[in-house]
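Here's input.pdb, which has PDB, C-alpha atoms:
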```pdb
ATOM      1  CA  MET A  72      -8.878 -25.642 -15.352
ATOM      2  CA  ARG A  73      -6.402 -28.268 -16.437
ATOM      3  CA  ALA A  74      -6.629 -31.476 -14.432
ATOM      4  CA  ALA A  75      -4.910 -34.851 -14.386
ATOM      5  CA  VAL A  76      -5.676 -38.124 -12.620
ATOM      6  CA  VAL A  77      -2.899 -40.572 -11.724
ATOM      7  CA  THR A  78      -3.384 -44.321 -12.033
ATOM      8  CA  PHE A  79      -1.345 -46.655  -9.856
ATOM      9  CA  PRO A  80      -1.380 -50.444 -10.190
ATOM     10  CA  GLY A  81      -4.470 -51.324  -8.154
ATOM     11  CA  SER A  82      -6.242 -47.963  -8.468
ATOM     12  CA  ASN A  83      -9.918 -48.606  -9.107
ATOM     13  CA  CYS A  84     -11.612 -45.214  -8.847
ATOM     14  CA  ASP A  85      -9.402 -43.478 -11.410
ATOM     15  CA  ARG A  86     -11.932 -43.701 -14.225
ATOM     16  CA  ASP A  87     -14.786 -42.585 -11.933
ATOM     17  CA  LEU A  88     -12.740 -39.569 -10.882
ATOM     18  CA  VAL A  89     -11.987 -38.678 -14.510
ATOM     19  CA  VAL A  90     -15.695 -38.970 -15.421
ATOM     20  CA  ALA A  91     -16.754 -36.832 -12.434
ATOM     21  CA  MET A  92     -14.124 -34.160 -13.131
ATOM     22  CA  GLU A  93     -14.928 -34.003 -16.830
ATOM     23  CA  ALA A  94     -18.654 -33.673 -16.078
ATOM     24  CA  CYS A  95     -18.073 -30.935 -13.499
ATOM     25  CA  PHE A  96     -15.241 -29.055 -15.263
ATOM     26  CA  GLY A  97     -16.551 -29.444 -18.815
ATOM     27  CA  LYS A  98     -13.022 -30.235 -20.035
ATOM     28  CA  PRO A  99     -11.081 -33.379 -20.804
ATOM     29  CA  VAL A 100      -8.894 -34.677 -17.971
ATOM     30  CA  VAL A 101      -5.410 -36.055 -18.662
ATOM     31  CA  ARG A 102      -4.591 -39.521 -17.382
ATOM     32  CA  VAL A 103      -1.114 -40.117 -15.974
ATOM     33  CA  TRP A 104       0.588 -43.430 -15.226
ATOM     34  CA  HIS A 105       2.407 -43.927 -11.914
ATOM     35  CA  ALA A 106       5.668 -44.802 -13.682
ATOM     36  CA  ASP A 107       5.730 -41.482 -15.561
ATOM     37  CA  HIS A 108       8.333 -38.994 -14.387
ATOM     38  CA  GLU A 109       6.607 -35.809 -15.492
ATOM     39  CA  LEU A 110       3.148 -34.338 -15.139
ATOM     40  CA  PRO A 111       1.530 -32.470 -18.005
ATOM     41  CA  PRO A 112       1.005 -28.750 -17.262
ATOM     42  CA  VAL A 113      -2.022 -28.911 -14.953
ATOM     43  CA  ASP A 114      -3.630 -26.946 -12.122
ATOM     44  CA  LEU A 115      -5.064 -29.946 -10.309
ATOM     45  CA  VAL A 116      -3.885 -33.524  -9.810
ATOM     46  CA  GLY A 117      -6.237 -36.193  -8.510
ATOM     47  CA  LEU A 118      -4.989 -39.284  -6.685
ATOM     48  CA  PRO A 119      -7.810 -41.808  -6.883
ATOM     49  CA  GLY A 120      -9.158 -44.481  -4.592
ATOM     50  CA  GLY A 121      -8.363 -48.153  -4.861
ATOM     51  CA  PHE A 122      -5.836 -50.581  -3.496
ATOM     52  CA  SER A 123      -2.550 -49.437  -5.000
ATOM     53  CA  TRP A 124       0.015 -52.239  -4.837
ATOM     54  CA  GLY A 125      -2.520 -54.391  -3.007
ATOM     55  CA  ASP A 126      -2.106 -52.302   0.163
ATOM     56  CA  TYR A 127       1.230 -54.109   0.656
ATOM     57  CA  LEU A 128       3.362 -52.970   3.609
ATOM     58  CA  ARG A 129       0.926 -50.138   4.506
ATOM     59  CA  CYS A 130      -1.938 -48.647   2.482
ATOM     60  CA  GLY A 131      -0.457 -46.205  -0.012
ATOM     61  CA  ALA A 132       3.134 -46.830   1.126
ATOM     62  CA  ILE A 133       4.487 -48.189  -2.144
ATOM     63  CA  ALA A 134       2.512 -45.774  -4.320
ATOM     64  CA  ALA A 135       3.847 -42.840  -2.289
ATOM     65  CA  ARG A 136       7.340 -43.790  -3.560
ATOM     66  CA  ALA A 137       6.296 -44.189  -7.214
ATOM     67  CA  PRO A 138       8.279 -42.340  -9.911
ATOM     68  CA  ILE A 139       5.427 -39.845 -10.538
ATOM     69  CA  MET A 140       5.499 -38.686  -6.917
ATOM     70  CA  ALA A 141       8.593 -36.509  -7.420
ATOM     71  CA  ALA A 142       6.682 -34.557 -10.069
ATOM     72  CA  ILE A 143       3.656 -34.378  -7.766
ATOM     73  CA  ARG A 144       5.853 -32.925  -4.998
ATOM     74  CA  ARG A 145       7.138 -30.272  -7.398
ATOM     75  CA  HIS A 146       3.540 -29.549  -8.434
ATOM     76  CA  ALA A 147       2.609 -29.086  -4.754
ATOM     77  CA  GLU A 148       5.660 -26.885  -4.095
ATOM     78  CA  ARG A 149       4.614 -24.658  -6.996
ATOM     79  CA  GLY A 150       1.226 -24.231  -5.289
ATOM     80  CA  GLY A 151      -0.612 -26.667  -7.551
ATOM     81  CA  TYR A 152      -3.808 -28.247  -6.263
ATOM     82  CA  LEU A 153      -3.893 -31.884  -5.143
ATOM     83  CA  LEU A 154      -6.953 -33.969  -4.334
ATOM     84  CA  GLY A 155      -6.439 -37.399  -2.764
ATOM     85  CA  ILE A 156      -9.515 -39.546  -2.285
ATOM     86  CA  CYS A 157      -9.508 -42.669  -0.096
ATOM     87  CA  ASN A 158      -6.354 -44.536  -1.195
ATOM     88  CA  GLY A 159      -5.253 -41.178  -2.622
ATOM     89  CA  PHE A 160      -5.535 -39.705   0.892
ATOM     90  CA  GLN A 161      -3.484 -42.603   2.253
ATOM     91  CA  ILE A 162      -0.848 -41.954  -0.428
ATOM     92  CA  LEU A 163      -0.692 -38.251   0.487
ATOM     93  CA  THR A 164      -0.099 -39.003   4.173
ATOM     94  CA  GLU A 165       2.466 -41.680   3.311
ATOM     95  CA  ALA A 166       4.237 -39.153   1.088
ATOM     96  CA  GLY A 167       4.273 -36.633   3.938
ATOM     97  CA  LEU A 168       2.243 -34.146   1.886
ATOM     98  CA  LEU A 169      -0.490 -34.249   4.520
ATOM     99  CA  PRO A 170       0.000 -34.818   8.273
ATOM    100  CA  GLY A 171      -1.144 -37.866  10.214
ATOM    101  CA  ALA A 172      -1.758 -41.407   9.039
ATOM    102  CA  LEU A 173      -4.637 -43.742   8.240
ATOM    103  CA  VAL A 174      -4.760 -47.060  10.060
ATOM    104  CA  ARG A 175      -7.174 -50.006  10.263
ATOM    105  CA  ASN A 176     -10.796 -49.084  11.062
ATOM    106  CA  ALA A 177     -11.463 -49.278  14.792
ATOM    107  CA  GLY A 178     -14.304 -51.749  14.172
ATOM    108  CA  LEU A 179     -11.979 -53.847  11.953
ATOM    109  CA  ARG A 180     -14.669 -54.049   9.266
ATOM    110  CA  PHE A 181     -14.554 -52.753   5.725
ATOM    111  CA  VAL A 182     -17.093 -49.914   5.757
ATOM    112  CA  CYS A 183     -18.980 -49.276   2.533
ATOM    113  CA  ARG A 184     -22.007 -47.010   2.738
ATOM    114  CA  PRO A 185     -23.229 -43.451   2.231
ATOM    115  CA  LEU A 186     -22.362 -41.302   5.240
ATOM    116  CA  ARG A 187     -23.428 -37.899   6.465
ATOM    117  CA  LEU A 188     -20.607 -35.401   6.764
ATOM    118  CA  ALA A 189     -20.323 -31.909   8.154
ATOM    119  CA  VAL A 190     -18.392 -29.490   5.969
ATOM    120  CA  ALA A 191     -16.163 -28.198   8.744
ATOM    121  CA  ASN A 192     -14.457 -25.477   6.695
ATOM    122  CA  ARG A 193     -16.515 -23.814   3.980
ATOM    123  CA  ASN A 194     -13.843 -21.283   3.003
ATOM    124  CA  SER A 195     -11.360 -23.564   1.276
ATOM    125  CA  ALA A 196     -10.732 -23.934  -2.443
ATOM    126  CA  PHE A 197     -12.297 -27.397  -2.163
ATOM    127  CA  THR A 198     -15.401 -26.510  -0.148
ATOM    128  CA  SER A 199     -16.455 -22.926  -0.889
ATOM    129  CA  ALA A 200     -19.494 -24.011  -2.922
ATOM    130  CA  TYR A 201     -21.020 -25.998  -0.049
ATOM    131  CA  GLY A 202     -23.935 -24.541   1.842
ATOM    132  CA  GLU A 203     -24.705 -25.005   5.496
ATOM    133  CA  GLY A 204     -25.903 -28.360   6.695
ATOM    134  CA  PRO A 205     -24.707 -31.922   6.296
ATOM    135  CA  VAL A 206     -23.895 -33.639   3.019
ATOM    136  CA  THR A 207     -24.120 -37.313   2.092
ATOM    137  CA  ILE A 208     -21.092 -38.901   0.405
ATOM    138  CA  PRO A 209     -20.233 -42.616   0.358
ATOM    139  CA  VAL A 210     -17.177 -44.207   1.970
ATOM    140  CA  ALA A 211     -15.615 -47.544   1.068
ATOM    141  CA  HIS A 212     -12.514 -48.406   3.066
ATOM    142  CA  HIS A 213     -10.857 -50.721   5.563
ATOM    143  CA  ASP A 214      -8.121 -48.336   6.680
ATOM    144  CA  GLY A 215      -9.689 -44.920   7.182
ATOM    145  CA  ASN A 216      -9.009 -44.445  10.869
ATOM    146  CA  TYR A 217      -7.212 -41.096  10.912
ATOM    147  CA  VAL A 218      -4.564 -40.719  13.599
ATOM    148  CA  ILE A 219      -2.431 -37.706  14.446
ATOM    149  CA  ASP A 220      -0.621 -36.635  17.604
ATOM    150  CA  ARG A 221      -2.122 -34.099  19.977
ATOM    151  CA  GLU A 222      -0.062 -31.144  18.746
ATOM    152  CA  GLY A 223      -0.837 -31.995  15.138
ATOM    153  CA  LEU A 224      -4.537 -32.168  15.882
ATOM    154  CA  ALA A 225      -4.426 -28.826  17.699
ATOM    155  CA  ARG A 226      -2.723 -27.313  14.656
ATOM    156  CA  LEU A 227      -5.342 -28.729  12.283
ATOM    157  CA  GLU A 228      -8.169 -27.457  14.482
ATOM    158  CA  GLY A 229      -6.559 -24.051  15.045
ATOM    159  CA  GLU A 230      -5.833 -23.454  11.382
ATOM    160  CA  GLY A 231      -9.229 -24.581  10.123
ATOM    161  CA  ARG A 232      -7.658 -27.452   8.209
ATOM    162  CA  ILE A 233     -10.322 -30.032   8.936
ATOM    163  CA  ALA A 234     -12.423 -29.909   5.773
ATOM    164  CA  PHE A 235     -14.955 -32.642   6.562
ATOM    165  CA  ARG A 236     -16.058 -34.453   9.708
ATOM    166  CA  TYR A 237     -18.159 -37.597  10.021
ATOM    167  CA  LEU A 238     -21.493 -37.125  11.744
ATOM    168  CA  ASP A 239     -21.540 -40.882  12.416
ATOM    169  CA  ASN A 240     -17.873 -41.796  12.738
ATOM    170  CA  PRO A 241     -17.498 -45.151  10.931
ATOM    171  CA  ASN A 242     -13.839 -45.895  11.585
ATOM    172  CA  GLY A 243     -12.619 -44.372  14.851
ATOM    173  CA  SER A 244     -10.922 -41.349  13.276
ATOM    174  CA  VAL A 245      -9.712 -38.844  15.839
ATOM    175  CA  ALA A 246     -12.047 -35.823  16.124
ATOM    176  CA  ASP A 247     -14.346 -37.453  13.511
ATOM    177  CA  ILE A 248     -11.954 -36.310  10.793
ATOM    178  CA  ALA A 249     -12.964 -37.327   7.273
ATOM    179  CA  GLY A 250     -10.802 -34.901   5.291
ATOM    180  CA  VAL A 251      -7.864 -32.568   5.962
ATOM    181  CA  LEU A 252      -6.152 -29.693   4.163
ATOM    182  CA  ASP A 253      -2.474 -28.820   4.006
ATOM    183  CA  ALA A 254      -1.207 -25.544   5.483
ATOM    184  CA  ARG A 255      -1.697 -23.628   2.234
ATOM    185  CA  GLY A 256      -5.151 -25.046   1.555
ATOM    186  CA  ARG A 257      -4.029 -26.431  -1.805
ATOM    187  CA  ILE A 258      -4.028 -30.119  -0.871
ATOM    188  CA  LEU A 259      -7.098 -32.011   0.316
ATOM    189  CA  GLY A 260      -7.143 -35.637   1.419
ATOM    190  CA  MET A 261     -10.458 -37.275   2.250
ATOM    191  CA  MET A 262     -11.731 -40.807   2.798
ATOM    192  CA  PRO A 263     -15.270 -40.272   1.389
ATOM    193  CA  HIS A 264     -15.688 -40.487  -2.368
ATOM    194  CA  PRO A 265     -17.100 -37.260  -3.868
ATOM    195  CA  GLU A 266     -16.636 -38.717  -7.366
ATOM    196  CA  ARG A 267     -19.275 -41.306  -6.480
ATOM    197  CA  ALA A 268     -21.792 -38.598  -5.605
ATOM    198  CA  VAL A 269     -22.138 -36.504  -8.746
ATOM    199  CA  ASP A 270     -25.270 -38.006 -10.282
ATOM    200  CA  PRO A 271     -28.750 -38.413  -8.762
ATOM    201  CA  ARG A 272     -28.835 -41.934 -10.194
ATOM    202  CA  LEU A 273     -25.998 -42.803  -7.807
ATOM    203  CA  GLY A 274     -27.973 -41.603  -4.805
ATOM    204  CA  SER A 275     -26.334 -38.253  -4.116
ATOM    205  CA  GLU A 276     -24.998 -35.184  -5.870
ATOM    206  CA  ASP A 277     -23.219 -33.889  -2.780
ATOM    207  CA  GLY A 278     -19.820 -34.459  -4.358
ATOM    208  CA  LYS A 279     -20.496 -31.886  -7.048
ATOM    209  CA  PRO A 280     -19.912 -28.757  -4.933
ATOM    210  CA  LEU A 281     -16.367 -29.976  -4.237
ATOM    211  CA  PHE A 282     -15.539 -29.949  -7.936
ATOM    212  CA  ALA A 283     -17.495 -26.702  -8.410
ATOM    213  CA  SER A 284     -15.423 -25.118  -5.612
ATOM    214  CA  LEU A 285     -12.208 -26.100  -7.387
ATOM    215  CA  LEU A 286     -13.498 -24.744 -10.675
ATOM    216  CA  ALA A 287     -14.315 -21.435  -8.971
ATOM    217  CA  ALA A 288     -10.895 -21.296  -7.260
ATOM    218  CA  ILE A 289      -8.838 -22.213 -10.298
ATOM    219  CA  GLY A 290     -11.002 -20.729 -13.030
ATOM    220  CA  GLY A 291     -12.348 -22.142 -16.265
TER     221      GLY A 291
ATOM    222  CA  MET B  14      24.382 -60.804   5.566
ATOM    223  CA  ARG B  15      21.002 -60.860   7.198
ATOM    224  CA  ALA B  16      19.202 -57.874   8.752
ATOM    225  CA  ILE B  17      16.045 -58.140  10.802
ATOM    226  CA  VAL B  18      13.798 -55.090  11.015
ATOM    227  CA  THR B  19      11.109 -55.069  13.690
ATOM    228  CA  ILE B  20       8.388 -52.456  13.297
ATOM    229  CA  ARG B  21       5.790 -51.598  15.896
ATOM    230  CA  PHE B  22       3.190 -48.927  16.505
ATOM    231  CA  LYS B  23       4.425 -46.022  18.587
ATOM    232  CA  GLU B  24       3.041 -45.646  22.054
ATOM    233  CA  GLY B  25      -0.292 -43.865  21.944
ATOM    234  CA  VAL B  26      -1.329 -45.277  18.561
ATOM    235  CA  LEU B  27      -4.206 -47.647  19.184
ATOM    236  CA  ASP B  28      -3.961 -50.885  17.204
ATOM    237  CA  PRO B  29      -7.536 -52.167  16.831
ATOM    238  CA  GLU B  30      -6.334 -55.565  15.587
ATOM    239  CA  ALA B  31      -4.264 -56.088  18.740
ATOM    240  CA  VAL B  32      -7.249 -55.073  20.864
ATOM    241  CA  ALA B  33      -9.420 -57.611  19.014
ATOM    242  CA  ILE B  34      -6.825 -60.355  19.512
ATOM    243  CA  GLY B  35      -6.735 -59.611  23.251
ATOM    244  CA  ARG B  36     -10.511 -59.689  23.454
ATOM    245  CA  ALA B  37     -10.626 -63.041  21.609
ATOM    246  CA  LEU B  38      -7.974 -64.552  23.902
ATOM    247  CA  ARG B  39      -9.890 -63.481  26.996
ATOM    248  CA  GLY B  40     -13.016 -64.920  25.378
ATOM    249  CA  LEU B  41     -11.202 -68.255  25.176
ATOM    250  CA  GLY B  42     -10.580 -68.139  28.903
ATOM    251  CA  PHE B  43      -7.089 -66.606  28.922
ATOM    252  CA  GLU B  44      -8.197 -63.908  31.359
ATOM    253  CA  GLU B  45      -4.596 -63.132  32.338
ATOM    254  CA  VAL B  46      -4.030 -61.326  29.005
ATOM    255  CA  ARG B  47      -3.792 -57.662  29.944
ATOM    256  CA  ALA B  48      -2.539 -56.187  26.682
ATOM    257  CA  VAL B  49      -1.523 -57.338  23.220
ATOM    258  CA  ALA B  50       0.936 -55.650  20.860
ATOM    259  CA  ARG B  51       1.632 -56.741  17.321
ATOM    260  CA  ARG B  52       4.946 -56.275  15.565
ATOM    261  CA  LYS B  53       5.904 -56.619  11.953
ATOM    262  CA  VAL B  54       9.191 -58.356  11.185
ATOM    263  CA  ILE B  55      10.930 -57.857   7.858
ATOM    264  CA  GLU B  56      14.003 -59.956   7.115
ATOM    265  CA  LEU B  57      16.480 -58.727   4.541
ATOM    266  CA  GLU B  58      19.251 -60.683   2.828
ATOM    267  CA  LEU B  59      21.966 -58.196   1.921
ATOM    268  CA  ASP B  60      25.047 -58.254  -0.254
ATOM    269  CA  GLY B  61      28.346 -57.243   1.362
ATOM    270  CA  GLU B  62      30.150 -57.860   4.669
ATOM    271  CA  ASP B  63      30.286 -54.369   6.213
ATOM    272  CA  ARG B  64      27.971 -54.545   9.216
ATOM    273  CA  GLU B  65      28.117 -50.857  10.105
ATOM    274  CA  GLY B  66      27.505 -49.806   6.535
ATOM    275  CA  ALA B  67      24.649 -52.281   6.277
ATOM    276  CA  CYS B  68      23.094 -50.911   9.440
ATOM    277  CA  ARG B  69      23.169 -47.379   8.017
ATOM    278  CA  ARG B  70      21.641 -48.572   4.755
ATOM    279  CA  VAL B  71      18.871 -50.481   6.526
ATOM    280  CA  GLN B  72      18.177 -47.427   8.678
ATOM    281  CA  ALA B  73      17.739 -45.435   5.468
ATOM    282  CA  MET B  74      15.396 -48.141   4.155
ATOM    283  CA  CYS B  75      13.309 -47.817   7.320
ATOM    284  CA  GLU B  76      13.170 -44.037   7.062
ATOM    285  CA  GLN B  77      12.284 -44.064   3.379
ATOM    286  CA  LEU B  78       9.870 -46.975   3.149
ATOM    287  CA  LEU B  79       9.755 -49.775   5.674
ATOM    288  CA  ALA B  80       8.340 -47.776   8.599
ATOM    289  CA  ASN B  81       5.990 -44.814   8.728
ATOM    290  CA  PRO B  82       7.613 -42.520  11.304
ATOM    291  CA  VAL B  83       4.254 -40.860  12.020
ATOM    292  CA  ILE B  84       2.865 -43.998  13.642
ATOM    293  CA  GLU B  85       5.659 -46.580  13.813
ATOM    294  CA  SER B  86       9.041 -47.094  15.418
ATOM    295  CA  TYR B  87      11.571 -49.652  14.282
ATOM    296  CA  ALA B  88      14.561 -51.619  15.515
ATOM    297  CA  ILE B  89      17.320 -53.133  13.382
ATOM    298  CA  GLU B  90      19.184 -56.275  14.273
ATOM    299  CA  ILE B  91      22.081 -57.710  12.280
ATOM    300  CA  PRO B  92      22.784 -61.131  13.796
ATOM    301  CA  ASP B  93      26.279 -62.660  13.696
TER     302      ASP B  93
END
```
As structure tokens, how would this structure be written, given the file I've shared?
Amino acid sequence: MRAAVVTFPGSNCDRDLVVAMEACFGKPVVRVWHADHELPPVDLVGLPGGFSWGDYLRCGAIAARAPIMAAIRRHAERGGYLLGICNGFQILTEAGLLPGALVRNAGLRFVCRPLRLAVANRNSAFTSAYGEGPVTIPVAHHDGNYVIDREGLARLEGEGRIAFRYLDNPNGSVADIAGVLDARGRILGMMPHPERAVDPRLGSEDGKPLFASLLAAIGG
Amino acid sequence: MRAIVTIRFKEGVLDPEAVAIGRALRGLGFEEVRAVARRKVIELELDGEDREGACRRVQAMCEQLLANPVIESYAIEIPD
């Protein structure tokens, strides 16, 4: 398992994601700057949460056009794994690497609290270590309202590409979607923060199985 | 040369901020407000005099950055 985490100007969960990955993978994680043009040789790239470029224009819009994104596209084309959390999810949709878009929460409020999620697909490289039953992972976002057209939603549902669903939808997302996979199951975008749920002192360890799933899929 | 790009949500994409604005207006007694739509206007000052070329370039800017084609449509105006 070789993993990297990208930092954009305004990322604020990059260090948390590195700490969580290093704890769960037992290996150092490489940090990459958005202005870099190349990725180190890695199996997994994490796009962290935060407010890249101050959410200017649209959340994730500017970051999705950063110099590093060309290398991230090549990584994805090679079948590399990509995990986008919160702002990272917004960046992945803005980059067209995942379908749909994330718009302002239906209730217009910033939502910041632990939420119960259903693991809707337990066969993916990101979710295979989850058991049955709901998990608790925190969210912290203002623009997590997932929208996609009817055909796109039917495709996601039909192909088992909804990884997580909210049990108490906090933002108006269509079909309670909290996380989606790409067609090959190598890219996951999710609004909840698994990296904030890897230590009992933080209130939940329900993020750990996500990293354990990746470790099992990719290998030590 | 000046180009004006107007970006709006596509039909079918619910804009919760527009809904809230409508609700607030009706709360103020403007009961005739049936619907509210918000648009984003981006004004560009461009080098060069070729209007057609500029229009193509601005269209490329919209496709690559200014609008998100998943949820937004855009219109370009280059005033005389």
Point-to-point distance in Å for CA of Cys130 (chain A) and CA of Arg236 (chain A) |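 Between these atoms lies a distance of 21.3 Å.
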Taking the file as shown, what set of residues would the ChimeraX specification (/B :<7) & /A give back, as a VMD selection string?
-> chain A and resid 171 to 172 175 177 179
Run the PyMOL selection byres ((chain A and resi 192) around 12) against the file shown and list the residues it catches, as number ranges by chain.
-> A: 188-191, 193-204, 227-236, 248-252, 256, 259, 281
Would you save the residues of that selection, restricted to C-alpha atoms, as a PDB file, in the coordinates of the input?
```pdb
ATOM      1  CA  LEU A 188     -20.607 -35.401   6.764  1.00  0.00           C
ATOM      2  CA  ALA A 189     -20.323 -31.909   8.154  1.00  0.00           C
ATOM      3  CA  VAL A 190     -18.392 -29.490   5.969  1.00  0.00           C
ATOM      4  CA  ALA A 191     -16.163 -28.198   8.744  1.00  0.00           C
ATOM      5  CA  ARG A 193     -16.515 -23.814   3.980  1.00  0.00           C
ATOM      6  CA  ASN A 194     -13.843 -21.283   3.003  1.00  0.00           C
ATOM      7  CA  SER A 195     -11.360 -23.564   1.276  1.00  0.00           C
ATOM      8  CA  ALA A 196     -10.732 -23.934  -2.443  1.00  0.00           C
ATOM      9  CA  PHE A 197     -12.297 -27.397  -2.163  1.00  0.00           C
ATOM     10  CA  THR A 198     -15.401 -26.510  -0.148  1.00  0.00           C
ATOM     11  CA  SER A 199     -16.455 -22.926  -0.889  1.00  0.00           C
ATOM     12  CA  ALA A 200     -19.494 -24.011  -2.922  1.00  0.00           C
ATOM     13  CA  TYR A 201     -21.020 -25.998  -0.049  1.00  0.00           C
ATOM     14  CA  GLY A 202     -23.935 -24.541   1.842  1.00  0.00           C
ATOM     15  CA  GLU A 203     -24.705 -25.005   5.496  1.00  0.00           C
ATOM     16  CA  GLY A 204     -25.903 -28.360   6.695  1.00  0.00           C
ATOM     17  CA  LEU A 227      -5.342 -28.729  12.283  1.00  0.00           C
ATOM     18  CA  GLU A 228      -8.169 -27.457  14.482  1.00  0.00           C
ATOM     19  CA  GLY A 229      -6.559 -24.051  15.045  1.00  0.00           C
ATOM     20  CA  GLU A 230      -5.833 -23.454  11.382  1.00  0.00           C
ATOM     21  CA  GLY A 231      -9.229 -24.581  10.123  1.00  0.00           C
ATOM     22  CA  ARG A 232      -7.658 -27.452   8.209  1.00  0.00           C
ATOM     23  CA  ILE A 233     -10.322 -30.032   8.936  1.00  0.00           C
ATOM     24  CA  ALA A 234     -12.423 -29.909   5.773  1.00  0.00           C
ATOM     25  CA  PHE A 235     -14.955 -32.642   6.562  1.00  0.00           C
ATOM     26  CA  ARG A 236     -16.058 -34.453   9.708  1.00  0.00           C
ATOM     27  CA  ILE A 248     -11.954 -36.310  10.793  1.00  0.00           C
ATOM     28  CA  ALA A 249     -12.964 -37.327   7.273  1.00  0.00           C
ATOM     29  CA  GLY A 250     -10.802 -34.901   5.291  1.00  0.00           C
ATOM     30  CA  VAL A 251      -7.864 -32.568   5.962  1.00  0.00           C
ATOM     31  CA  LEU A 252      -6.152 -29.693   4.163  1.00  0.00           C
ATOM     32  CA  GLY A 256      -5.151 -25.046   1.555  1.00  0.00           C
ATOM     33  CA  LEU A 259      -7.098 -32.011   0.316  1.00  0.00           C
ATOM     34  CA  LEU A 281     -16.367 -29.976  -4.237  1.00  0.00           C
TER      35      LEU A 281
END
```
Within 12 Å of (-2.8, -25.5, -1.5), only C-alpha atoms: residues as a PyMOL selection string?
-> chain A and resi 114-116+144+146-154+168-169+195-197+232+251-260+285+288-289
Nearest to Arg21 (chain B) among B:Ala37, B:Val54, B:Val71, B:Val46, with distances taken over all atoms listed in the file: which residue is it?
->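 Nearest candidate to Arg21 (chain B) out of B:Ala37, B:Val54, B:Val71, B:Val46: B:Val54.
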Specify as an MDAnalysis selection string each residue included when the PyMOL selection byres ((chain A and resi 83) around 7) is applied to this file.
-> chainID A and resid 81:82 84:85 120:121
How would the residues just picked look written out with C-alpha atoms as a tab-separated table (two decimals), in the coordinates of the input?
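Contents of out-v8.tsv, freshly written:
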```
chain	number	residue	atom	x	y	z
A	81	GLY	CA	-4.47	-51.32	-8.15
A	82	SER	CA	-6.24	-47.96	-8.47
A	84	CYS	CA	-11.61	-45.21	-8.85
A	85	ASP	CA	-9.40	-43.48	-11.41
A	120	GLY	CA	-9.16	-44.48	-4.59
A	121	GLY	CA	-8.36	-48.15	-4.86
```
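Using only C-alpha atoms, the smallest distance between any of B:Gly61, B:Leu41, B:Arg70, B:Glu85 and Glu24 (chain B) comes from B:Glu85.
Straight-line separation from CA of Ile208 (chain A) to CA of Phe282 (chain A): 13.4 Å.
Here CA of Ala31 (chain B) and CA of His212 (chain A) stand 19.3 Å from one another.
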Could you please give me, as a ChimeraX atom specification, the residues of protein, DNA or RNA lying at most 6 Å from (-10.2, -42.6, -11.3) in the coordinate frame of the file, considering all atoms listed in the file?
-> /A:84-89,119
File of the preceding selection, C-alpha atoms, as a compact mmCIF listing (two decimals), in the coordinates of the input:
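Below you can see again_31.txt, which holds the result:
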```txt
# COMPACT_ATOMS: atom_id res chain seq x y z
CA CYS A 84 -11.61 -45.21 -8.85
CA ASP A 85 -9.40 -43.48 -11.41
CA ARG A 86 -11.93 -43.70 -14.22
CA ASP A 87 -14.79 -42.58 -11.93
CA LEU A 88 -12.74 -39.57 -10.88
CA VAL A 89 -11.99 -38.68 -14.51
CA PRO A 119 -7.81 -41.81 -6.88
```
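Residue nearest Ser123 (chain A), chosen from A:Pro80, A:Gly97, A:Gly291, A:Pro241 and counting only C-alpha atoms: A:Pro80.
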Identify which of the residues A:Gly131, A:Gly178, A:Gly278, A:Gly155 lies closest to Ala75 (chain A), counting only C-alpha atoms when measuring atom-to-atom distances.
->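 Using only C-alpha atoms, Ala75 (chain A) sits closest to A:Gly155.
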Padding 5 Å on every side, please: axis-aligned box over the listed atoms of region 21-29 of chain B, centre and edge lengths to one decimal in Å, as AutoDock Vina command-line options.
```
--center_x -0.9 --center_y -48.0 --center_z 19.0 --size_x 23.3 --size_y 18.3 --size_z 16.2
```
Fewer than 6 positions away in the same chain doesn't count, so skip those; otherwise give me all residues within 9 Å of Ala268 (chain A), counting all atoms listed in the file, as an MDAnalysis selection string.
-> chainID A and resid 91 207:209 274:279
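The shortest atom-to-atom distance to Gly159 (chain A), with all atoms listed in the file taken into account, belongs to A:Pro263 out of A:Pro205, A:Pro271, A:Gly290, A:Pro263.
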Pick out the residues sitting within 10 Å of region 34-36 of chain B, and hand them over as a compact mmCIF listing (two decimals) with C-alpha atoms, keeping the file's coordinate frame; count only C-alpha atoms, and ignore anything fewer than 5 positions along from it in its own chain.
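Output contents, as saved in around-v4.txt:
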```txt
# COMPACT_ATOMS: atom_id res chain seq x y z
CA PRO B 29 -7.54 -52.17 16.83
CA LEU B 41 -11.20 -68.26 25.18
CA PHE B 43 -7.09 -66.61 28.92
CA GLU B 44 -8.20 -63.91 31.36
CA GLU B 45 -4.60 -63.13 32.34
CA VAL B 46 -4.03 -61.33 29.00
CA ARG B 47 -3.79 -57.66 29.94
CA ALA B 48 -2.54 -56.19 26.68
CA VAL B 49 -1.52 -57.34 23.22
CA ALA B 50 0.94 -55.65 20.86
CA ARG B 51 1.63 -56.74 17.32
```
Contact residues around Ala211 (chain A) with only C-alpha atoms at 7 Å, ignoring same-chain residues under 3 positions, as a PyMOL selection string = chain A and resi 182-184
8 Å contact set for Ile89 (chain B), all atoms listed in the file, chain neighbours under 3 positions out, as a list in words = Ala16, Ile17, Val18, Thr19, Cys68, Val71 and Gln72 of chain B
Residues from the last selection, C-alpha atoms, saved as a tab-separated table (two decimals), keeping the file's coordinate frame:
```
chain	number	residue	atom	x	y	z
B	16	ALA	CA	19.20	-57.87	8.75
B	17	ILE	CA	16.05	-58.14	10.80
B	18	VAL	CA	13.80	-55.09	11.02
B	19	THR	CA	11.11	-55.07	13.69
B	68	CYS	CA	23.09	-50.91	9.44
B	71	VAL	CA	18.87	-50.48	6.53
B	72	GLN	CA	18.18	-47.43	8.68
```
Residue with smallest distance to Lys23 (chain B) - pool A:Arg272, A:Val218, A:Pro170, A:Pro111, counting all atoms listed in the file =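 Of all the options, A:Val218 lies closest to Lys23 (chain B).
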